[in-house]
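Listing of structure33.pdb, PDB, C-alpha atoms
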ATOM      1  CA  MET X   1      90.815-128.190 104.234
ATOM      2  CA  SER X   2      87.317-129.288 105.009
ATOM      3  CA  ASN X   3      84.923-127.379 107.203
ATOM      4  CA  ASP X   4      84.602-130.107 109.849
ATOM      5  CA  ALA X   5      84.091-127.667 112.751
ATOM      6  CA  ASP X   6      80.684-126.618 111.411
ATOM      7  CA  LEU X   7      79.509-130.198 111.197
ATOM      8  CA  GLU X   8      79.347-130.612 114.975
ATOM      9  CA  TYR X   9      76.121-128.582 115.000
ATOM     10  CA  GLY X  10      74.552-130.659 112.331
ATOM     11  CA  PRO X  11      73.043-129.534 109.064
ATOM     12  CA  THR X  12      70.554-126.697 108.933
ATOM     13  CA  PRO X  13      67.123-128.186 108.361
ATOM     14  CA  PRO X  14      65.348-127.190 105.169
ATOM     15  CA  GLY X  15      62.858-124.282 105.575
ATOM     16  CA  ALA X  16      64.539-122.988 108.754
ATOM     17  CA  GLU X  17      63.763-119.304 109.478
ATOM     18  CA  TYR X  18      66.877-118.732 111.611
ATOM     19  CA  GLU X  19      70.247-120.288 112.007
ATOM     20  CA  HIS X  20      69.989-123.122 114.477
ATOM     21  CA  THR X  21      73.447-122.498 115.900
ATOM     22  CA  ASP X  22      72.248-119.153 117.349
ATOM     23  CA  ILE X  23      70.346-118.717 120.589
ATOM     24  CA  ASP X  24      66.739-119.815 120.712
ATOM     25  CA  PRO X  25      64.612-116.643 120.148
ATOM     26  CA  GLY X  26      62.272-117.605 122.988
ATOM     27  CA  ILE X  27      65.181-117.540 125.432
ATOM     28  CA  GLY X  28      66.217-114.101 124.157
ATOM     29  CA  TYR X  29      62.691-112.737 124.526
ATOM     30  CA  ARG X  30      62.341-114.145 128.038
ATOM     31  CA  PHE X  31      65.714-112.617 129.016
ATOM     32  CA  GLY X  32      64.620-109.219 127.667
ATOM     33  CA  ILE X  33      61.314-109.376 129.546
ATOM     34  CA  TRP X  34      62.994-110.360 132.843
ATOM     35  CA  LEU X  35      65.589-107.622 132.340
ATOM     36  CA  ALA X  36      62.850-105.002 131.843
ATOM     37  CA  VAL X  37      60.904-106.298 134.870
ATOM     38  CA  SER X  38      64.013-106.241 137.077
ATOM     39  CA  MET X  39      64.789-102.668 135.933
ATOM     40  CA  VAL X  40      61.253-101.563 136.878
ATOM     41  CA  ILE X  41      61.530-103.299 140.261
ATOM     42  CA  GLY X  42      64.952-101.712 140.874
ATOM     43  CA  ALA X  43      63.650 -98.249 139.950
ATOM     44  CA  ALA X  44      60.658 -98.756 142.274
ATOM     45  CA  ILE X  45      62.965 -99.734 145.152
ATOM     46  CA  VAL X  46      65.206 -96.692 144.604
ATOM     47  CA  TYR X  47      62.216 -94.332 144.301
ATOM     48  CA  GLY X  48      60.555 -95.830 147.395
ATOM     49  CA  THR X  49      63.746 -95.506 149.447
ATOM     50  CA  TYR X  50      64.235 -91.909 148.324
ATOM     51  CA  THR X  51      60.627 -91.007 149.188
ATOM     52  CA  PHE X  52      60.895 -92.703 152.601
ATOM     53  CA  LEU X  53      64.120 -90.882 153.497
ATOM     54  CA  GLU X  54      62.792 -87.553 152.208
ATOM     55  CA  ARG X  55      59.669 -87.807 154.387
ATOM     56  CA  ARG X  56      61.757 -88.827 157.365
ATOM     57  CA  GLY X  57      64.063 -85.819 156.850
ATOM     58  CA  ASP X  58      61.081 -83.465 156.516
ATOM     59  CA  ALA X  59      59.648 -84.798 159.775
ATOM     60  CA  ALA X  60      62.973 -84.290 161.556
ATOM     61  CA  ASP X  61      63.225 -80.737 160.181
ATOM     62  CA  ALA X  62      59.686 -79.947 161.337
ATOM     63  CA  ALA X  63      60.477 -81.252 164.822
ATOM     64  CA  ALA X  64      63.677 -79.190 164.935
ATOM     65  CA  ARG X  65      61.758 -76.050 163.964
ATOM     66  CA  ARG X  66      59.094 -76.708 166.590
ATOM     67  CA  PHE X  67      61.487 -77.679 169.414
ATOM     68  CA  PRO X  68      64.949 -76.270 168.558
ATOM     69  CA  LEU X  69      66.395 -76.736 172.047
ATOM     70  CA  ALA X  70      65.355 -80.408 172.101
ATOM     71  CA  GLN X  71      67.502 -80.963 169.020
ATOM     72  CA  GLY X  72      70.467 -79.163 170.607
ATOM     73  CA  VAL X  73      70.211 -76.213 168.228
ATOM     74  CA  SER X  74      69.751 -72.763 169.732
ATOM     75  CA  GLN X  75      68.305 -69.823 167.825
ATOM     76  CA  ASP X  76      71.407 -67.637 168.138
ATOM     77  CA  PRO X  77      74.907 -69.077 168.112
ATOM     78  CA  PRO X  78      77.278 -67.988 170.873
ATOM     79  CA  ALA X  79      79.339 -64.828 170.397
ATOM     80  CA  PRO X  80      81.246 -63.813 168.366
ATOM     81  CA  ARG X  81      78.711 -64.062 165.561
ATOM     82  CA  LEU X  82      79.459 -63.787 161.876
ATOM     83  CA  GLN X  83      78.190 -60.735 160.080
ATOM     84  CA  THR X  84      75.113 -61.494 158.037
ATOM     85  CA  GLN X  85      75.419 -58.323 155.944
ATOM     86  CA  PRO X  86      79.028 -57.078 156.145
ATOM     87  CA  PHE X  87      78.647 -54.373 153.465
ATOM     88  CA  LYS X  88      75.641 -52.917 155.264
ATOM     89  CA  ASP X  89      77.578 -52.958 158.559
ATOM     90  CA  VAL X  90      80.540 -51.138 156.984
ATOM     91  CA  MET X  91      78.216 -48.523 155.442
ATOM     92  CA  GLN X  92      76.540 -48.012 158.833
ATOM     93  CA  LEU X  93      79.937 -47.660 160.562
ATOM     94  CA  LYS X  94      81.121 -45.102 158.002
ATOM     95  CA  ALA X  95      77.878 -43.128 158.354
ATOM     96  CA  GLU X  96      78.313 -43.011 162.142
ATOM     97  CA  GLN X  97      81.945 -41.900 161.771
ATOM     98  CA  ARG X  98      80.985 -39.256 159.192
ATOM     99  CA  ALA X  99      78.257 -37.969 161.518
ATOM    100  CA  GLN X 100      80.756 -37.668 164.386
ATOM    101  CA  LEU X 101      83.343 -35.910 162.169
ATOM    102  CA  THR X 102      80.826 -33.320 160.947
ATOM    103  CA  SER X 103      78.976 -32.481 164.176
ATOM    104  CA  TYR X 104      79.437 -30.899 167.563
ATOM    105  CA  GLY X 105      79.058 -32.997 170.714
ATOM    106  CA  TRP X 106      80.293 -33.825 174.173
ATOM    107  CA  VAL X 107      83.099 -36.327 174.674
ATOM    108  CA  ASP X 108      83.313 -35.813 178.475
ATOM    109  CA  LYS X 109      80.771 -33.305 179.787
ATOM    110  CA  ALA X 110      82.109 -33.419 183.369
ATOM    111  CA  ASN X 111      85.602 -32.305 182.270
ATOM    112  CA  GLY X 112      84.364 -30.001 179.490
ATOM    113  CA  VAL X 113      85.765 -32.025 176.552
ATOM    114  CA  VAL X 114      83.877 -31.625 173.262
ATOM    115  CA  HIS X 115      84.330 -32.716 169.681
ATOM    116  CA  ILE X 116      83.937 -30.296 166.806
ATOM    117  CA  PRO X 117      83.560 -30.798 163.054
ATOM    118  CA  ILE X 118      86.824 -31.726 161.325
ATOM    119  CA  ASP X 119      86.676 -28.739 158.949
ATOM    120  CA  ARG X 120      86.403 -26.331 161.895
ATOM    121  CA  ALA X 121      89.239 -28.135 163.720
ATOM    122  CA  MET X 122      91.544 -27.791 160.684
ATOM    123  CA  ALA X 123      90.694 -24.071 160.362
ATOM    124  CA  LEU X 124      91.471 -23.496 164.080
ATOM    125  CA  THR X 125      94.780 -25.379 163.701
ATOM    126  CA  LEU X 126      95.762 -23.149 160.774
ATOM    127  CA  GLU X 127      94.851 -19.989 162.750
ATOM    128  CA  ARG X 128      96.661 -20.973 165.943
ATOM    129  CA  GLY X 129      99.558 -22.928 164.439
ATOM    130  CA  LEU X 130     100.995 -26.207 165.595
ATOM    131  CA  PRO X 131     102.753 -26.404 168.972
ATOM    132  CA  ALA X 132     106.551 -26.557 168.798
ATOM    133  CA  ARG X 133     109.160 -27.710 171.300
ATOM    134  CA  PRO X 134     111.057 -24.926 172.996
ATOM    135  CA  GLY X 135     114.550 -24.543 171.593
ATOM    136  CA  GLY X 136     114.005 -27.090 168.879
ATOM    137  CA  SER X 137     115.016 -26.599 165.293
ATOM    138  CA  SER X 138     112.573 -26.870 162.419
ATOM    139  CA  ALA X 139     114.922 -29.114 160.415
ATOM    140  CA  PRO X 140     114.303 -32.865 160.652
ATOM    141  CA  THR X 141     116.882 -34.771 162.683
ATOM    142  CA  MET X 142     116.268 -38.173 161.061
ATOM    143  CA  VAL X 143     116.196 -39.064 157.380
ATOM    144  CA  VAL X 144     114.366 -42.082 156.010
ATOM    145  CA  GLN X 145     116.478 -44.105 153.587
ATOM    146  CA  ASP X 146     115.840 -47.120 151.394
ATOM    147  CA  SER X 147     118.328 -49.950 151.691
ATOM    148  CA  SER X 148     118.511 -53.641 150.855
ATOM    149  CA  ALA X 149     117.176 -54.364 154.371
ATOM    150  CA  GLY X 150     114.121 -52.171 153.807
ATOM    151  CA  ARG X 151     113.431 -48.638 155.004
ATOM    152  CA  THR X 152     115.785 -47.328 157.667
ATOM    153  CA  ALA X 153     116.107 -44.073 159.564
ATOM    154  CA  ALA X 154     119.508 -42.445 159.735
ATOM    155  CA  PRO X 155     120.612 -39.345 161.664
ATOM    156  CA  ARG X 156     121.013 -36.224 159.605
TER
END

Go ahead and express the file in the form of structure tokens.
Amino acid sequence: MSNDADLEYGPTPPGAEYEHTDIDPGIGYRFGIWLAVSMVIGAAIVYGTYTFLERRGDAADAAARRFPLAQGVSQDPPAPRLQTQPFKDVMQLKAEQRAQLTSYGWVDKANGVVHIPIDRAMALTLERGLPARPGGSSAPTMVVQDSSAGRTAAPR
């Protein structure tokens, strides 16, 4: 079988530095240069657009900080507000409760109702005893049972 398909390009001239069936090197170089130039132009367009939008956003933010009501943004949102520091709020609540449980104070001064420290209240309850119903028995009348339907109370 002869190699007739290669003959359509013609013979390679003597002293050729490249294969003549390949692309002309000048065309390849020009393509590479135009590709690099178009990449630089594309990068410049993207960078310019980013810079433009960033400046525009900064200007809008500055205007919103200067005139918050003109932008429709108020300083404080309407109630109920989210807690900004929930752990601090819980600690403050527990400190207030602890202070009330360990101090003396008026609940209703007009009617003579006071609160006393919890330790003193427990000691007074032990001294005086718990109130009981007249004629009642000390045995429980209901028993709590576990069943397949959950906890139930049954008469004793």

Quiz item: CA of Ala64 in chain X and CA of Pro77 in chain X are how many Å apart?
Solution: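 Between CA of Ala64 in chain X and CA of Pro77 in chain X the gap is 15.4 Å.
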
Quiz item: Written as a list in words, which residues does the PyMOL selection byres ((chain X and resi 101) around 12) give for the file shown?
Solution: Lys94, Ala95, Glu96, Gln97, Arg98, Ala99, Gln100, Thr102, Ser103, Tyr104, Gly105, Val114, His115, Ile116, Pro117, Ile118, Asp119, Arg120, Ala121 and Met122 of chain X

Quiz item: So what do you get for CA of Asp89 in chain X versus CA of Asp108 in chain X, distance-wise?
Solution: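 It comes out at 26.9 Å.
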
Exercise. Could you jot down the CA of Ala79 in chain X to CA of Ala60 in chain X separation for me, Å, one decimal place?
Key: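 Separation of CA of Ala79 in chain X and CA of Ala60 in chain X: 26.9 Å.
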